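To keep things clear, I will list the structure first and then write my remarks on it.
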Amino acid sequence: MSGPTLYSVTSYGDMITNQPRMPAYAEALRQAITPGCTVIDIGAGTGIFSLLACQYGAGTVTAIEPADALMLLRETAAANGFSERIKMVQGLSTEHVPEQKADVIVSDIRGVMPLFEHHIPTICDARERLLAPGGTLIPMRDTLFAALAEHPESYQPCTEPWLQNDYGLDLRAGHRYAVNSWSKANLKPEQLLSASAELAVLDYRSITEPNMAGTVTLKAEKDGTAHGLLIWFDAELAPGIGFSNAPGQPRLVYGQAFFPFEQPLVMIRGDRVEASVKANLVDDSYVWTWTSSLFRADAARPELTLRQSSFLAQVMSPESLARRAHTHVPEPSPAQAADLLVLSLMDGQRSLGEIASILQERFPERFKDNATALNHVAALAGRY
Ligand SMILES: C[S@@+](CC[C@H](N)C(=O)[O-])C[C@H]1O[C@@H](n2cnc3c(N)ncnc32)[C@H](O)[C@@H]1O
């Protein structure tokens, strides 16, 4: 399992300035915090929610974040006089054992959508292990919406260069991969062909499953070409406090997700698409599957059905697939022998430098100098 996505300080800064995301989080925190209460900030980043929690009167705040960006909080906590109240924990919340359960847990570990990396399992774990009975989770609930998108620009990567290119080449083989890839979008209301429909509700106070499945019926409200499904979420951080990623709303850091159709659908007002969308967490990321049936106005049977999945977006050689089969017997290799040695030397006694020296001595062909060996050892140690 790899860790969460890494962000730069500038990206964390963009999250802090993002309107109305940040004021909504600040207000939800302000309302949830009672004098002296205990707060856990999961995915603290540079610690903005921890600082705000102190400002609103929290007694103790635990800021949990695996990225080094958390170190900035040491300085900002001191600059604001909160050092005594903020405890920094560098790591994953799922590995954190709390001294005390929290009255309030705040997080934003979503991506373009809330179905992102280990967001949902992380919230479930936090609710079960880290939250005091009757405590408050921020966010409280996200709702996913879908609509038909008419947007040639978002669709362009499906057609160019695969179906048309400037070089007279037949690249059609790439098309089936491109049409199974979703992308981030920021559409305007006039770029929608249908009204939006609710796809799924993720209520963090009760959710237990990381996977999502929903169906929507989307009726064309004007003549046009549907290039795909647009999916976004609206957030309720607390009752009456939230924000929306819908087209026409102020642009947020999340955006919307554009799921292309295998072929553009020319639609007349009154035609409809019935779409079923699934998101399944596999290892560290979601596999999205979208099946879309086009019905002409009042028709009971679909004119066509398109079955697509982000699983089909990856070009995979038969060899790499076979290497992942449960019947595959991996051959020993020099790279594996080197890593085996490094891992066996991590005994809680030797330093990285000592391990690197032994590694270089034993595998001089692979590690030409001590710096190369040290980099390798440090990277391997960093995984644990
Ligand atoms: C989108 S940033 C949010 C930063 C800041 N809280 C904000 O909202 O502006 C999400 C952060 O969550 C962290 N993260 C993801 N899963 C985590 C987990 N299980 N425990 C702690 N941090 C996690 C990531 O490393 C990333 O820095």
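Ligands are numbered from 1 in the order shown, residues from 1 within each chain, and chains are lettered A, B, ... in the order they appear in the structure tokens.
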Neighbouring residues of A:Leu229 were defined as those with any atom within 6 Å, considering only C-alpha atoms; residues of the same chain fewer than 6 positions away were excluded. Please report them as a list in words.
Ala147, Leu148, Ala149, Phe258 and Phe259 of chain A
Please, which residues in chain A fall within 6 Å of ligand 1 when counting only C-alpha atoms and all ligand atoms, and what is the closest atom pair and distance in Å to one decimal for each, ordered by chain then residue number, as CSV?
residue,atom,partner,partner_atom_place_in_ligand_line,distance
A:Pro4,CA,ligand 1,15 (C),5.0
A:Thr5,CA,ligand 1,25 (O),6.0
A:Leu6,CA,ligand 1,25 (O),5.8
A:Tyr12,CA,ligand 1,9 (O),5.7
A:Met15,CA,ligand 1,9 (O),4.8
A:Ile16,CA,ligand 1,9 (O),5.4
A:Ile42,CA,ligand 1,21 (C),4.9
A:Gly43,CA,ligand 1,12 (O),3.1
A:Ala44,CA,ligand 1,6 (N),4.1
A:Gly45,CA,ligand 1,4 (C),4.1
A:Ile64,CA,ligand 1,21 (C),5.0
A:Glu65,CA,ligand 1,22 (N),4.0
A:Pro66,CA,ligand 1,25 (O),5.5
A:Ala67,CA,ligand 1,25 (O),5.4
A:Leu92,CA,ligand 1,20 (N),3.5
A:Ser93,CA,ligand 1,20 (N),3.9
A:Thr94,CA,ligand 1,19 (N),5.5
A:Ser107,CA,ligand 1,6 (N),5.9
A:Asp108,CA,ligand 1,8 (O),4.8
A:Ile109,CA,ligand 1,10 (C),4.3
A:Thr122,CA,ligand 1,19 (N),5.3
Selected residues, N, CA, C and O atoms, written as a CSV table (one decimal), in the first residue's frame, please.
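Produced file again07.csv, reproduced below:
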chain,number,residue,atom,x,y,z
A,4,PRO,N,-0.8,8.4,1.1
A,4,PRO,CA,-1.7,9.4,0.4
A,4,PRO,C,-0.9,10.3,-0.5
A,4,PRO,O,0.3,10.4,-0.4
A,5,THR,N,-1.7,10.9,-1.4
A,5,THR,CA,-1.1,11.9,-2.4
A,5,THR,C,-0.3,13.0,-1.6
A,5,THR,O,-0.7,13.4,-0.6
A,6,LEU,N,0.9,13.3,-2.2
A,6,LEU,CA,1.7,14.4,-1.5
A,6,LEU,C,1.3,15.7,-2.2
A,6,LEU,O,1.1,15.8,-3.4
A,12,TYR,N,-1.3,23.4,-0.4
A,12,TYR,CA,-2.0,23.6,0.9
A,12,TYR,C,-2.5,25.0,1.0
A,12,TYR,O,-3.5,25.3,1.5
A,15,MET,N,-5.6,25.5,-0.8
A,15,MET,CA,-6.8,25.0,-0.1
A,15,MET,C,-7.3,26.0,1.0
A,15,MET,O,-8.4,26.1,1.2
A,16,ILE,N,-6.3,26.7,1.6
A,16,ILE,CA,-6.6,27.6,2.6
A,16,ILE,C,-7.4,28.8,2.1
A,16,ILE,O,-8.3,29.4,2.7
A,42,ILE,N,-7.5,15.2,11.1
A,42,ILE,CA,-7.0,14.1,10.3
A,42,ILE,C,-6.6,14.7,8.9
A,42,ILE,O,-7.4,15.3,8.2
A,43,GLY,N,-5.3,14.4,8.5
A,43,GLY,CA,-4.8,15.0,7.3
A,43,GLY,C,-4.6,16.5,7.4
A,43,GLY,O,-5.1,17.3,6.6
A,44,ALA,N,-3.9,16.8,8.5
A,44,ALA,CA,-3.8,18.2,8.9
A,44,ALA,C,-3.0,19.1,7.8
A,44,ALA,O,-3.2,20.3,7.8
A,45,GLY,N,-2.2,18.4,7.0
A,45,GLY,CA,-1.4,19.2,6.0
A,45,GLY,C,-0.5,20.1,6.8
A,45,GLY,O,0.3,19.7,7.6
A,64,ILE,N,-2.8,15.2,12.8
A,64,ILE,CA,-2.2,14.0,12.3
A,64,ILE,C,-2.0,14.1,10.8
A,64,ILE,O,-2.9,14.4,10.0
A,65,GLU,N,-0.8,13.9,10.4
A,65,GLU,CA,-0.4,14.1,9.0
A,65,GLU,C,0.9,13.3,8.7
A,65,GLU,O,1.9,13.5,9.4
A,66,PRO,N,0.9,12.5,7.6
A,66,PRO,CA,2.2,11.8,7.4
A,66,PRO,C,3.2,12.6,6.6
A,66,PRO,O,4.4,12.4,6.8
A,67,ALA,N,2.8,13.7,5.9
A,67,ALA,CA,3.7,14.4,5.1
A,67,ALA,C,4.5,15.4,6.0
A,67,ALA,O,4.0,15.9,7.0
A,92,LEU,N,-0.2,8.1,9.9
A,92,LEU,CA,-1.6,8.0,9.4
A,92,LEU,C,-2.5,7.9,10.7
A,92,LEU,O,-2.1,7.2,11.7
A,93,SER,N,-3.7,8.4,10.5
A,93,SER,CA,-4.6,8.4,11.6
A,93,SER,C,-5.0,6.9,12.0
A,93,SER,O,-5.3,6.6,13.1
A,94,THR,N,-5.0,6.1,10.9
A,94,THR,CA,-5.4,4.7,11.1
A,94,THR,C,-4.3,3.9,12.0
A,94,THR,O,-4.6,2.8,12.5
A,107,SER,N,-11.7,16.7,9.0
A,107,SER,CA,-10.8,16.2,8.0
A,107,SER,C,-11.3,16.7,6.6
A,107,SER,O,-12.5,17.1,6.5
A,108,ASP,N,-10.4,16.7,5.7
A,108,ASP,CA,-10.7,16.9,4.3
A,108,ASP,C,-9.7,16.1,3.5
A,108,ASP,O,-8.7,16.6,3.1
A,109,ILE,N,-10.0,14.8,3.4
A,109,ILE,CA,-9.0,13.9,2.6
A,109,ILE,C,-9.7,13.4,1.4
A,109,ILE,O,-9.4,12.3,0.9
A,122,THR,N,-10.8,5.5,6.2
A,122,THR,CA,-10.1,6.3,7.3
A,122,THR,C,-11.2,7.0,8.2
A,122,THR,O,-11.0,7.0,9.4
Would you mind listing, for every residue of stretch 57-172 of chain A within 8 Å of stretch 176-184 of chain A, the two atoms forming the shortest contact and the distance between them in Å to one decimal, using only C-alpha atoms, sorted by chain and ascending residue number, as CSV?
residue,atom,partner,partner_atom,distance
A:Val112,CA,A:Lys184,CA,7.0
A:Ser154,CA,A:Ser183,CA,7.9
A:Pro157,CA,A:Ala178,CA,6.8
A:Cys158,CA,A:Ala178,CA,5.0
A:Arg172,CA,A:Arg176,CA,7.9
Dump as an mmCIF file, in the first residue's frame, selection limited to all heavy atoms:
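Listed below is the output, selection10.cif:
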data_model
loop_
_atom_site.group_PDB
_atom_site.id
_atom_site.type_symbol
_atom_site.label_atom_id
_atom_site.label_comp_id
_atom_site.auth_asym_id
_atom_site.auth_seq_id
_atom_site.Cartn_x
_atom_site.Cartn_y
_atom_site.Cartn_z
ATOM 1 N N VAL A 112 -10.952 14.798 -6.218
ATOM 2 C CA VAL A 112 -12.023 15.388 -7.040
ATOM 3 C C VAL A 112 -13.359 14.917 -6.485
ATOM 4 O O VAL A 112 -14.335 15.641 -6.471
ATOM 5 C CB VAL A 112 -11.870 14.964 -8.528
ATOM 6 C CG1 VAL A 112 -13.061 15.419 -9.346
ATOM 7 C CG2 VAL A 112 -10.572 15.508 -9.114
ATOM 8 N N SER A 154 -13.711 18.678 -23.140
ATOM 9 C CA SER A 154 -13.411 17.564 -22.226
ATOM 10 C C SER A 154 -13.320 16.248 -22.992
ATOM 11 O O SER A 154 -12.626 15.322 -22.563
ATOM 12 C CB SER A 154 -14.503 17.436 -21.150
ATOM 13 O OG SER A 154 -14.437 18.522 -20.276
ATOM 14 N N PRO A 157 -9.606 14.593 -25.598
ATOM 15 C CA PRO A 157 -8.573 13.554 -25.406
ATOM 16 C C PRO A 157 -9.036 12.160 -25.838
ATOM 17 O O PRO A 157 -8.212 11.271 -26.027
ATOM 18 C CB PRO A 157 -8.312 13.585 -23.890
ATOM 19 C CG PRO A 157 -8.802 14.912 -23.435
ATOM 20 C CD PRO A 157 -9.930 15.285 -24.329
ATOM 21 N N CYS A 158 -10.366 11.969 -25.998
ATOM 22 C CA CYS A 158 -10.858 10.665 -26.481
ATOM 23 C C CYS A 158 -10.692 10.543 -27.986
ATOM 24 O O CYS A 158 -10.536 9.436 -28.515
ATOM 25 C CB CYS A 158 -12.341 10.498 -26.148
ATOM 26 S SG CYS A 158 -12.670 10.498 -24.396
ATOM 27 N N ARG A 172 -6.132 4.201 -33.938
ATOM 28 C CA ARG A 172 -7.432 3.863 -33.337
ATOM 29 C C ARG A 172 -7.308 2.920 -32.140
ATOM 30 O O ARG A 172 -8.173 2.911 -31.274
ATOM 31 C CB ARG A 172 -8.358 3.239 -34.393
ATOM 32 C CG ARG A 172 -9.021 4.299 -35.278
ATOM 33 C CD ARG A 172 -9.859 3.659 -36.349
ATOM 34 N NE ARG A 172 -9.029 2.876 -37.273
ATOM 35 C CZ ARG A 172 -9.506 2.126 -38.248
ATOM 36 N NH1 ARG A 172 -10.807 2.022 -38.429
ATOM 37 N NH2 ARG A 172 -8.687 1.454 -39.047
#
Could you go through stretch 76-288 of chain A and tell me which residues DSSP, when run on the backbone, assigns to strand (DSSP E or B), listing them as JSON, numbers by chain?
{"A": [86, 87, 88, 89, 102, 103, 104, 105, 106, 107, 131, 132, 133, 134, 135, 136, 137, 138, 141, 142, 143, 144, 145, 146, 147, 148, 149, 183, 184, 185, 192, 194, 197, 198, 199, 200, 201, 202, 203, 212, 213, 214, 215, 216, 217, 218, 219, 220, 224, 225, 226, 227, 228, 229, 230, 231, 232, 233, 234, 235, 236, 237, 238, 241, 242, 243, 244, 256, 257, 258, 259, 260, 261, 262, 263, 264, 265, 266, 267, 272, 273, 274, 275, 276, 277, 278, 279, 280, 281, 282, 285, 286, 287, 288]}
For a test of reading the model, state the distance in Å between atom CA of A:Gln100 and atom CA of A:Gly59, rounded to one decimal.
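Going from atom CA of A:Gln100 over to atom CA of A:Gly59, I get 12.2 Å.
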Could you make a table, as a tab-separated table, of the residues of stretch 125-154 of chain A that have an atom within 12 Å of an atom of stretch 27-38 of chain A, each with its nearest atom pair and distance in Å to one decimal, counting only C-alpha atoms, in chain and number order?
residue	atom	partner	partner_atom	distance
A:Leu130	CA	A:Thr38	CA	10.7
A:Leu131	CA	A:Thr38	CA	9.7
A:Ala132	CA	A:Thr38	CA	9.4
A:Gly134	CA	A:Ala32	CA	11.7
A:Gly135	CA	A:Ala32	CA	9.2
A:Thr136	CA	A:Ala32	CA	6.9
A:Leu137	CA	A:Ala32	CA	9.1
A:Ile138	CA	A:Ala28	CA	7.2
A:Pro139	CA	A:Ala28	CA	8.5
A:Met140	CA	A:Ala28	CA	9.9
Could the residues of stretch 171-228 of chain A that have an atom at most 8 Å from stretch 232-255 of chain A be listed as JSON lines, each with its closest atom pair and the distance in Å to one decimal, counting only C-alpha atoms and ordered by chain and ascending residue number?
{"residue": "A:Lys184", "atom": "CA", "partner": "A:Gly255", "partner_atom": "CA", "distance": 6.4}
{"residue": "A:Ala185", "atom": "CA", "partner": "A:Gly255", "partner_atom": "CA", "distance": 6.0}
{"residue": "A:Asn186", "atom": "CA", "partner": "A:Gly255", "partner_atom": "CA", "distance": 5.6}
{"residue": "A:Leu187", "atom": "CA", "partner": "A:Pro247", "partner_atom": "CA", "distance": 5.4}
{"residue": "A:Lys188", "atom": "CA", "partner": "A:Pro247", "partner_atom": "CA", "distance": 4.8}
{"residue": "A:Pro189", "atom": "CA", "partner": "A:Pro247", "partner_atom": "CA", "distance": 5.0}
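Between atom CA of A:Ala337 and atom CA of A:Gly3 the separation is 24.6 Å.
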Grab the atom CA of A:Val89 to atom CA of A:Met71 distance for me, in Å with one decimal place.
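A separation of 10.0 Å between them.
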Report the residues of stretch 152-206 of chain A whose backbone DSSP state falls under alpha helix (DSSP H), written as a ChimeraX atom specification.
/A:152-159,175-178
Write a file of the just-selected residues containing all heavy atoms, as a compact mmCIF listing (two decimals), in the first residue's frame.
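In the end it all went to part_4.txt:
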# COMPACT_ATOMS: atom_id res chain seq x y z
N PRO A 152 -17.25 19.46 -25.83
CA PRO A 152 -16.26 18.90 -26.77
C PRO A 152 -14.83 18.97 -26.23
O PRO A 152 -14.03 18.06 -26.46
CB PRO A 152 -16.42 19.77 -28.02
CG PRO A 152 -17.75 20.43 -27.89
CD PRO A 152 -18.07 20.51 -26.44
N GLU A 153 -14.52 20.03 -25.47
CA GLU A 153 -13.14 20.19 -24.97
C GLU A 153 -12.78 19.05 -24.02
O GLU A 153 -11.67 18.51 -24.08
CB GLU A 153 -12.97 21.54 -24.24
CG GLU A 153 -13.04 22.76 -25.13
CD GLU A 153 -14.47 23.19 -25.46
OE1 GLU A 153 -15.42 22.54 -24.97
OE2 GLU A 153 -14.63 24.16 -26.23
N SER A 154 -13.71 18.68 -23.14
CA SER A 154 -13.41 17.56 -22.23
C SER A 154 -13.32 16.25 -22.99
O SER A 154 -12.63 15.32 -22.56
CB SER A 154 -14.50 17.44 -21.15
OG SER A 154 -14.44 18.52 -20.28
N TYR A 155 -14.04 16.18 -24.12
CA TYR A 155 -14.07 14.93 -24.89
C TYR A 155 -12.86 14.79 -25.81
O TYR A 155 -12.53 13.69 -26.27
CB TYR A 155 -15.37 14.87 -25.72
CG TYR A 155 -15.71 13.47 -26.15
CD1 TYR A 155 -16.14 12.52 -25.21
CD2 TYR A 155 -15.58 13.07 -27.48
CE1 TYR A 155 -16.43 11.22 -25.58
CE2 TYR A 155 -15.88 11.77 -27.86
CZ TYR A 155 -16.29 10.85 -26.90
OH TYR A 155 -16.58 9.56 -27.26
N GLN A 156 -12.20 15.91 -26.08
CA GLN A 156 -11.10 15.92 -27.07
C GLN A 156 -10.03 14.85 -26.85
O GLN A 156 -9.61 14.20 -27.80
CB GLN A 156 -10.47 17.31 -27.09
CG GLN A 156 -9.67 17.59 -28.35
CD GLN A 156 -9.24 19.04 -28.39
OE1 GLN A 156 -9.87 19.90 -27.77
NE2 GLN A 156 -8.17 19.31 -29.09
N PRO A 157 -9.61 14.59 -25.60
CA PRO A 157 -8.57 13.55 -25.41
C PRO A 157 -9.04 12.16 -25.84
O PRO A 157 -8.21 11.27 -26.03
CB PRO A 157 -8.31 13.59 -23.89
CG PRO A 157 -8.80 14.91 -23.44
CD PRO A 157 -9.93 15.29 -24.33
N CYS A 158 -10.37 11.97 -26.00
CA CYS A 158 -10.86 10.67 -26.48
C CYS A 158 -10.69 10.54 -27.99
O CYS A 158 -10.54 9.44 -28.51
CB CYS A 158 -12.34 10.50 -26.15
SG CYS A 158 -12.67 10.50 -24.40
N THR A 159 -10.76 11.68 -28.67
CA THR A 159 -10.71 11.62 -30.14
C THR A 159 -9.31 11.92 -30.68
O THR A 159 -8.87 11.30 -31.64
CB THR A 159 -11.70 12.62 -30.74
OG1 THR A 159 -11.50 13.89 -30.13
CG2 THR A 159 -13.13 12.18 -30.53
N HIS A 175 -7.91 4.44 -28.78
CA HIS A 175 -9.20 5.06 -28.46
C HIS A 175 -9.91 4.36 -27.31
O HIS A 175 -10.46 5.00 -26.42
CB HIS A 175 -10.06 5.05 -29.75
CG HIS A 175 -11.43 5.57 -29.55
ND1 HIS A 175 -12.55 4.78 -29.63
CD2 HIS A 175 -11.88 6.81 -29.23
CE1 HIS A 175 -13.63 5.52 -29.39
NE2 HIS A 175 -13.25 6.75 -29.15
N ARG A 176 -9.89 3.02 -27.31
CA ARG A 176 -10.67 2.30 -26.28
C ARG A 176 -10.11 2.53 -24.87
O ARG A 176 -10.83 2.44 -23.89
CB ARG A 176 -10.76 0.81 -26.60
CG ARG A 176 -9.47 0.04 -26.55
CD ARG A 176 -9.75 -1.45 -26.80
NE ARG A 176 -8.57 -2.27 -26.69
CZ ARG A 176 -7.69 -2.46 -27.65
NH1 ARG A 176 -7.86 -1.87 -28.83
NH2 ARG A 176 -6.63 -3.23 -27.46
N TYR A 177 -8.83 2.86 -24.79
CA TYR A 177 -8.27 3.19 -23.47
C TYR A 177 -8.68 4.61 -23.07
O TYR A 177 -9.07 4.86 -21.93
CB TYR A 177 -6.74 3.07 -23.50
CG TYR A 177 -6.29 1.66 -23.79
CD1 TYR A 177 -5.87 1.29 -25.07
CD2 TYR A 177 -6.30 0.69 -22.80
CE1 TYR A 177 -5.48 -0.01 -25.34
CE2 TYR A 177 -5.91 -0.61 -23.05
CZ TYR A 177 -5.50 -0.96 -24.33
OH TYR A 177 -5.12 -2.24 -24.59
N ALA A 178 -8.59 5.52 -24.05
CA ALA A 178 -8.90 6.93 -23.75
C ALA A 178 -10.36 7.09 -23.30
O ALA A 178 -10.64 7.86 -22.38
CB ALA A 178 -8.61 7.80 -24.98
Residues near A:Gly270, cut-off 12 Å, only C-alpha atoms, skip fewer than 5 positions along chain, as a list in words:
Leu193, Ser194, Ala195, Thr217, Leu218, Lys219, Ala220, Glu221, Lys222, Asp223, Gly224, Leu294, Phe295, Arg296, Ala297, Asp298 and Ala299 of chain A
Pick from A:Ala300, A:Leu281, A:Val106, A:Cys54: nearest to A:His118, with only C-alpha atoms counted?
A:Leu281
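Using only C-alpha atoms, the protein and nucleic acid residues lying no more than 8 Å from stretch 199-208 of chain A, apart from those fewer than 6 places from it along its own chain, are Ile120, Pro121, Ile123, Cys124, Arg127, Leu137, Pro139, Met140, Arg141, Asp142, Thr143, Leu144, Phe145, Ala146, Gly214, Thr215 and Val216 of chain A.
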A:Arg366 environment, 12 Å, only C-alpha atoms, sequence neighbours closer than 2 positions dropped, as a VMD selection string:
chain A and resid 334 to 339 359 to 364 368 to 370 372 to 373 376
Output the selection as an mmCIF file, in the first residue's frame - N, CA and C atoms for each residue.
data_model
loop_
_atom_site.group_PDB
_atom_site.id
_atom_site.type_symbol
_atom_site.label_atom_id
_atom_site.label_comp_id
_atom_site.auth_asym_id
_atom_site.auth_seq_id
_atom_site.Cartn_x
_atom_site.Cartn_y
_atom_site.Cartn_z
ATOM 1 N N PRO A 334 18.708 -10.288 -8.301
ATOM 2 C CA PRO A 334 19.718 -9.542 -7.524
ATOM 3 C C PRO A 334 19.092 -8.350 -6.787
ATOM 4 N N ALA A 335 18.115 -7.679 -7.435
ATOM 5 C CA ALA A 335 17.486 -6.518 -6.785
ATOM 6 C C ALA A 335 16.774 -6.968 -5.509
ATOM 7 N N GLN A 336 16.119 -8.126 -5.604
ATOM 8 C CA GLN A 336 15.387 -8.645 -4.452
ATOM 9 C C GLN A 336 16.373 -9.036 -3.338
ATOM 10 N N ALA A 337 17.517 -9.651 -3.760
ATOM 11 C CA ALA A 337 18.519 -10.074 -2.767
ATOM 12 C C ALA A 337 19.070 -8.848 -2.029
ATOM 13 N N ALA A 338 19.275 -7.750 -2.786
ATOM 14 C CA ALA A 338 19.807 -6.529 -2.166
ATOM 15 C C ALA A 338 18.797 -5.985 -1.146
ATOM 16 N N ASP A 339 17.510 -5.934 -1.531
ATOM 17 C CA ASP A 339 16.486 -5.417 -0.614
ATOM 18 C C ASP A 339 16.324 -6.320 0.607
ATOM 19 N N LEU A 359 25.694 -2.742 2.241
ATOM 20 C CA LEU A 359 25.015 -2.989 0.964
ATOM 21 C C LEU A 359 25.974 -2.780 -0.208
ATOM 22 N N GLN A 360 26.725 -1.672 -0.144
ATOM 23 C CA GLN A 360 27.629 -1.354 -1.261
ATOM 24 C C GLN A 360 28.739 -2.401 -1.374
ATOM 25 N N GLU A 361 29.228 -2.830 -0.213
ATOM 26 C CA GLU A 361 30.294 -3.839 -0.192
ATOM 27 C C GLU A 361 29.813 -5.158 -0.813
ATOM 28 N N ARG A 362 28.563 -5.532 -0.496
ATOM 29 C CA ARG A 362 28.038 -6.816 -0.971
ATOM 30 C C ARG A 362 27.538 -6.736 -2.416
ATOM 31 N N PHE A 363 27.094 -5.572 -2.867
ATOM 32 C CA PHE A 363 26.548 -5.445 -4.230
ATOM 33 C C PHE A 363 27.224 -4.282 -4.961
ATOM 34 N N PRO A 364 28.574 -4.371 -5.155
ATOM 35 C CA PRO A 364 29.283 -3.234 -5.762
ATOM 36 C C PRO A 364 28.822 -2.941 -7.194
ATOM 37 N N LYS A 368 27.276 1.841 -7.106
ATOM 38 C CA LYS A 368 28.641 2.261 -7.485
ATOM 39 C C LYS A 368 29.303 3.062 -6.373
ATOM 40 N N ASP A 369 28.523 3.831 -5.638
ATOM 41 C CA ASP A 369 29.131 4.612 -4.555
ATOM 42 C C ASP A 369 28.213 4.606 -3.333
ATOM 43 N N ASN A 370 28.734 5.158 -2.250
ATOM 44 C CA ASN A 370 28.006 5.117 -0.988
ATOM 45 C C ASN A 370 26.721 5.945 -1.024
ATOM 46 N N THR A 372 24.697 6.431 -3.567
ATOM 47 C CA THR A 372 23.635 5.681 -4.251
ATOM 48 C C THR A 372 23.054 4.630 -3.293
ATOM 49 N N ALA A 373 23.948 3.949 -2.584
ATOM 50 C CA ALA A 373 23.489 2.918 -1.639
ATOM 51 C C ALA A 373 22.656 3.561 -0.527
ATOM 52 N N HIS A 376 19.183 4.458 -1.643
ATOM 53 C CA HIS A 376 18.345 3.263 -1.774
ATOM 54 C C HIS A 376 17.859 2.793 -0.399
#
